[in-house]
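Q: After the structure tokens below, expect a handful of questions from me.
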Amino acid sequence: MYTGCVEFDLLLPSDSRSLKAKRSYVRPICSSLRKYEVAVAEVGGQKLHGRTTIGVAAVAGELRHVQDLLDTCERHIAGRPEVELLSARRRVFGPEDE
């Protein structure tokens with residue numbers, strides 16, 4: 001079994017200066033990522049206006065499948081015109097990891 005996770009640091013549009021406005025960007029992004037059958041959550045930057053960190057986790061029987069899922073999610077986020085992807089931090093764990 002392989003597990004992988006990636007954290008996306010996102011810069012939101014300038015009109016996301018309230019929690020309500022920020023959520024109007026974060027919720028659709030999280031929902032759109034779930035179609036890839038991954039776990040998704042806002043994992044950081046909750047108190048920052050205009051910034052957020054979204055975490056994605058995937059589990060599969062093969063390393064290549066986990067890598068493909070995380071690659072697909074990263075391309076999806078990078079292709080969204082309303083946000084700027086500042087960084088993506090990825091980790092993958094397999095049976096040889098303790």
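Labeling convention for the structure tokens: chains A, B, ... as they appear, residues from 1 per chain, ligands from 1 in order of appearance.
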Just want the 12 Å neighbourhood of Glu74 (chain A), counted on only C-alpha atoms, with same-chain residues fewer than 2 positions away dropped. Output as JSON, numbers by chain.
A: {"A": [5, 6, 7, 8, 9, 10, 29, 33, 36, 54, 55, 56, 57, 67, 68, 69, 70, 71, 72, 76, 77, 78, 79, 80, 84, 85, 86, 87, 88, 89, 90]}
Q: Just asking: which residues within region 8-61 of chain A are strand (DSSP E) according to DSSP, as a ChimeraX atom specification?
A: /A:8-11,39-44,51-60
Q: Keeping only C-alpha atoms, take the residues you just selected and write them out as an mmCIF file, in the first residue's frame.
A:
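Saved result, part39.cif, follows:
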```cif
data_model
loop_
_atom_site.group_PDB
_atom_site.id
_atom_site.type_symbol
_atom_site.label_atom_id
_atom_site.label_comp_id
_atom_site.auth_asym_id
_atom_site.auth_seq_id
_atom_site.Cartn_x
_atom_site.Cartn_y
_atom_site.Cartn_z
ATOM 1 C CA PHE A 8 -0.842 23.395 -2.147
ATOM 2 C CA ASP A 9 -0.027 26.925 -0.987
ATOM 3 C CA LEU A 10 -2.445 29.194 -2.863
ATOM 4 C CA LEU A 11 -2.715 32.917 -3.333
ATOM 5 C CA ALA A 39 -9.239 13.227 0.439
ATOM 6 C CA VAL A 40 -9.157 17.045 0.416
ATOM 7 C CA ALA A 41 -9.205 19.690 3.153
ATOM 8 C CA GLU A 42 -8.104 23.221 3.888
ATOM 9 C CA VAL A 43 -5.167 22.474 6.168
ATOM 10 C CA GLY A 44 -3.545 25.852 6.719
ATOM 11 C CA ARG A 51 -3.972 32.792 1.265
ATOM 12 C CA THR A 52 -4.804 29.171 1.947
ATOM 13 C CA THR A 53 -3.195 25.752 2.079
ATOM 14 C CA ILE A 54 -5.173 22.854 0.654
ATOM 15 C CA GLY A 55 -4.088 19.296 1.449
ATOM 16 C CA VAL A 56 -4.758 16.295 -0.755
ATOM 17 C CA ALA A 57 -4.171 12.658 0.230
ATOM 18 C CA ALA A 58 -4.346 9.510 -1.883
ATOM 19 C CA VAL A 59 -4.000 5.788 -1.162
ATOM 20 C CA ALA A 60 -3.398 3.057 -3.748
#
```
Q: Residues at most 6 Å from region 13-19 of chain A, counting only C-alpha atoms, excluding those fewer than 3 positions away in the same chain, as a ChimeraX atom specification?
A: /A:22,49-50
Q: How many Å separate CA of Pro81 (chain A) from CA of Leu12 (chain A)?
A: 10.2 Å
Q: My list of candidates is A:Asp97, A:Val66, A:Cys73, A:Arg91. Which is closest to Arg34 (chain A) when distances are computed with only C-alpha atoms?
A: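 Looking only at the distances to Arg34 (chain A), the closest residue turns out to be A:Cys73.
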Q: Please measure the separation of CA of Gly4 (chain A) and CA of Pro95 (chain A), giving the value in Å to one decimal.
A: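 We find that CA of Gly4 (chain A) and CA of Pro95 (chain A) lie 12.2 Å from each other.
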Q: Quote the spacing between CA of Gly45 (chain A) and CA of Val92 (chain A) in Å to one decimal place.
A: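 Rounded to one decimal, the two atoms are 22.9 Å apart.
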